[in-house]
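Engineer: Starting off with a structure, shown below.
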Amino acid sequence: MQKRVKVKPNSKQQKIEEQVDGSLTVHLKSPPVDGKANEELIKLLADKFDVPKSYITIKSGLASRQKLIEISTDI
């Protein structure tokens, strides 16, 4: 399963909002430095979709706010 994700780093609280088009807006506390925001994003998505962190891959947008995430559901 693939999801489009818009990341908002340096937010006051962590939250995931589902948009009308099926994409996600994710508010992260971490700053976009040294991959910290990406690590927090993967952890939050793993909790939301109830899968291990290793099942989540950032396919594109590693250094961008717009990301394409792949979630492997082969359990």
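Chain labels A, B, ... are given in the sequence in which chains occur in the structure tokens; within each chain residues are numbered consecutively from 1, and ligands are likewise numbered from 1 in the order shown.
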Determine, counting only C-alpha atoms, which protein, DNA and RNA residues have an atom within 9 Å of an atom of Ala63 of chain A; residues of the same chain fewer than 4 positions away are not included. Present the result as an NGL selection string.

Structural biologist: :A and (32 or 35 or 38 or 67)

Engineer: Please produce a file of the residues just selected, as a PDB file, in the first residue's frame, where the atoms kept are C-alpha atoms.

Structural biologist:
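Saved the output as result_11.pdb:
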ATOM      1  CA  PRO A  32      14.162  18.070   9.915  1.00  0.00           C
ATOM      2  CA  GLY A  35      16.891  12.234   9.549  1.00  0.00           C
ATOM      3  CA  ASN A  38      11.930  10.719   9.080  1.00  0.00           C
ATOM      4  CA  LYS A  67       6.807  12.037   0.716  1.00  0.00           C
TER       5      LYS A  67
END

Engineer: Which is closer to Leu24 of chain A than all the others in A:Ala37, A:Val5, A:Val51, A:Ile42, using only C-alpha atoms?

Structural biologist: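 Using only C-alpha atoms, the shortest distance to Leu24 of chain A belongs to A:Val5.
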
Engineer: Kindly indicate which residue among A:His27, A:Lys59, A:Lys3, A:Lys53 lies nearest to Glu39 of chain A, using only C-alpha atoms for the distances.

Structural biologist: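 Closest candidate: A:Lys53.
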
Engineer: Which residue, A:Ile56, A:Leu62, A:Ala46, A:Ile69, has the smallest gap to Gln2 of chain A when you use only C-alpha atoms?

Structural biologist: A:Ile69

Engineer: Give me, please, the distance in Å between atom CA of Ile16 of chain A and atom CA of Val33 of chain A, quoted to one decimal.

Structural biologist: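 Rounded to one decimal, the two atoms are 20.3 Å apart.
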
Engineer: Here is a test: counting only C-alpha atoms, which residue of A:Ser60, A:Val7, A:Glu18, A:Leu45 is nearest to Ser30 of chain A?

Structural biologist: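 Smallest distance to Ser30 of chain A is found for A:Val7.
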
Engineer: Which of these residues is nearest to Leu68 of chain A, using only C-alpha atoms: A:Asp50, A:Ser23, A:Lys8, A:Leu44?

Structural biologist: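 Checking each candidate against Leu68 of chain A, we get A:Ser23 as the closest.
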
Engineer: Tell me, which residues of chain A carry DSSP strand (DSSP E), written as a PyMOL selection string?

Structural biologist: chain A and resi 2-8+15-18+24-27+56-60+66-71

Engineer: Between A:Lys29, A:Lys43, A:Lys48, A:Arg65, which residue has the minimum interatomic distance to Lys12 of chain A, considering only C-alpha atoms?

Structural biologist: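 Between A:Lys29, A:Lys43, A:Lys48, A:Arg65, the residue approaching Lys12 of chain A most closely is A:Lys29.
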
Engineer: Give me every alpha helix (DSSP H) residue in chain A, going by DSSP on the backbone, as a PyMOL selection string.

Structural biologist: chain A and resi 36-49

Engineer: May I have the selected residues written with all heavy atoms, as a compact mmCIF listing (two decimals), in the first residue's frame?

Structural biologist:
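The file below, again-v7.txt, is the result:
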# COMPACT_ATOMS: atom_id res chain seq x y z
N LYS A 36 16.02 12.90 11.73
CA LYS A 36 15.22 12.69 12.95
C LYS A 36 13.72 12.73 12.65
O LYS A 36 12.96 11.94 13.19
CB LYS A 36 15.56 13.74 14.01
CG LYS A 36 16.93 13.53 14.61
CD LYS A 36 17.23 14.56 15.66
CE LYS A 36 18.65 14.34 16.18
NZ LYS A 36 19.05 15.35 17.13
N ALA A 37 13.30 13.64 11.77
CA ALA A 37 11.89 13.72 11.43
C ALA A 37 11.44 12.47 10.68
O ALA A 37 10.34 11.96 10.92
CB ALA A 37 11.61 14.98 10.60
N ASN A 38 12.28 11.94 9.80
CA ASN A 38 11.93 10.72 9.08
C ASN A 38 11.79 9.54 10.03
O ASN A 38 10.89 8.71 9.89
CB ASN A 38 12.97 10.41 8.00
CG ASN A 38 12.88 11.35 6.82
OD1 ASN A 38 11.84 11.94 6.56
ND2 ASN A 38 13.98 11.50 6.10
N GLU A 39 12.68 9.44 11.02
CA GLU A 39 12.59 8.35 12.01
C GLU A 39 11.29 8.45 12.79
O GLU A 39 10.62 7.44 13.03
CB GLU A 39 13.78 8.42 12.98
CG GLU A 39 15.10 8.04 12.37
CD GLU A 39 16.26 8.26 13.33
OE1 GLU A 39 16.03 8.31 14.56
OE2 GLU A 39 17.40 8.38 12.85
N GLU A 40 10.94 9.68 13.21
CA GLU A 40 9.70 9.87 13.97
C GLU A 40 8.49 9.55 13.10
O GLU A 40 7.53 8.93 13.56
CB GLU A 40 9.62 11.31 14.48
CG GLU A 40 8.41 11.56 15.35
CD GLU A 40 8.31 13.01 15.83
OE1 GLU A 40 9.23 13.81 15.61
OE2 GLU A 40 7.27 13.32 16.44
N LEU A 41 8.55 9.93 11.83
CA LEU A 41 7.45 9.64 10.89
C LEU A 41 7.23 8.13 10.76
O LEU A 41 6.11 7.66 10.86
CB LEU A 41 7.78 10.24 9.52
CG LEU A 41 6.81 9.88 8.39
CD1 LEU A 41 5.43 10.48 8.66
CD2 LEU A 41 7.35 10.34 7.05
N ILE A 42 8.30 7.38 10.58
CA ILE A 42 8.19 5.93 10.43
C ILE A 42 7.62 5.31 11.70
O ILE A 42 6.75 4.44 11.64
CB ILE A 42 9.55 5.32 10.05
CG1 ILE A 42 9.88 5.71 8.60
CG2 ILE A 42 9.55 3.80 10.21
CD1 ILE A 42 11.26 5.34 8.14
N LYS A 43 8.06 5.77 12.86
CA LYS A 43 7.55 5.24 14.13
C LYS A 43 6.04 5.52 14.28
O LYS A 43 5.27 4.63 14.65
CB LYS A 43 8.32 5.84 15.30
CG LYS A 43 7.89 5.29 16.65
CD LYS A 43 8.70 5.91 17.77
CE LYS A 43 8.33 5.35 19.12
NZ LYS A 43 6.93 5.34 19.44
N LEU A 44 5.62 6.75 13.97
CA LEU A 44 4.20 7.10 14.08
C LEU A 44 3.34 6.29 13.12
O LEU A 44 2.27 5.80 13.49
CB LEU A 44 4.01 8.59 13.77
CG LEU A 44 4.17 9.56 14.92
CD1 LEU A 44 4.01 10.99 14.42
CD2 LEU A 44 3.17 9.30 16.01
N LEU A 45 3.81 6.14 11.88
CA LEU A 45 3.03 5.38 10.90
C LEU A 45 2.96 3.90 11.26
O LEU A 45 1.94 3.25 11.06
CB LEU A 45 3.62 5.57 9.50
CG LEU A 45 3.46 6.97 8.91
CD1 LEU A 45 4.18 7.07 7.57
CD2 LEU A 45 2.00 7.35 8.75
N ALA A 46 4.05 3.37 11.83
CA ALA A 46 4.06 1.97 12.26
C ALA A 46 3.01 1.76 13.35
O ALA A 46 2.28 0.76 13.35
CB ALA A 46 5.44 1.57 12.75
N ASP A 47 2.91 2.70 14.28
CA ASP A 47 1.90 2.61 15.34
C ASP A 47 0.49 2.73 14.77
O ASP A 47 -0.40 1.98 15.13
CB ASP A 47 2.11 3.71 16.39
CG ASP A 47 3.36 3.48 17.23
OD1 ASP A 47 3.90 2.35 17.22
OD2 ASP A 47 3.80 4.44 17.89
N LYS A 48 0.29 3.66 13.83
CA LYS A 48 -1.04 3.88 13.26
C LYS A 48 -1.53 2.66 12.49
O LYS A 48 -2.68 2.25 12.62
CB LYS A 48 -1.04 5.10 12.34
CG LYS A 48 -2.39 5.31 11.65
CD LYS A 48 -2.42 6.55 10.82
CE LYS A 48 -3.69 6.71 10.02
NZ LYS A 48 -4.92 6.65 10.76
N PHE A 49 -0.65 2.08 11.66
CA PHE A 49 -1.07 0.96 10.81
C PHE A 49 -0.80 -0.39 11.46
O PHE A 49 -1.03 -1.43 10.85
CB PHE A 49 -0.40 1.05 9.44
CG PHE A 49 -0.90 2.22 8.64
CD1 PHE A 49 -0.13 3.36 8.49
CD2 PHE A 49 -2.15 2.20 8.05
CE1 PHE A 49 -0.59 4.45 7.76
CE2 PHE A 49 -2.62 3.27 7.32
CZ PHE A 49 -1.85 4.40 7.17

Engineer: Mind pulling up the distance from atom CA of Pro52 of chain A to atom CA of Gln19 of chain A?

Structural biologist: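 If I compute the distance from atom CA of Gln19 of chain A to atom CA of Pro52 of chain A, I get 23.7 Å.
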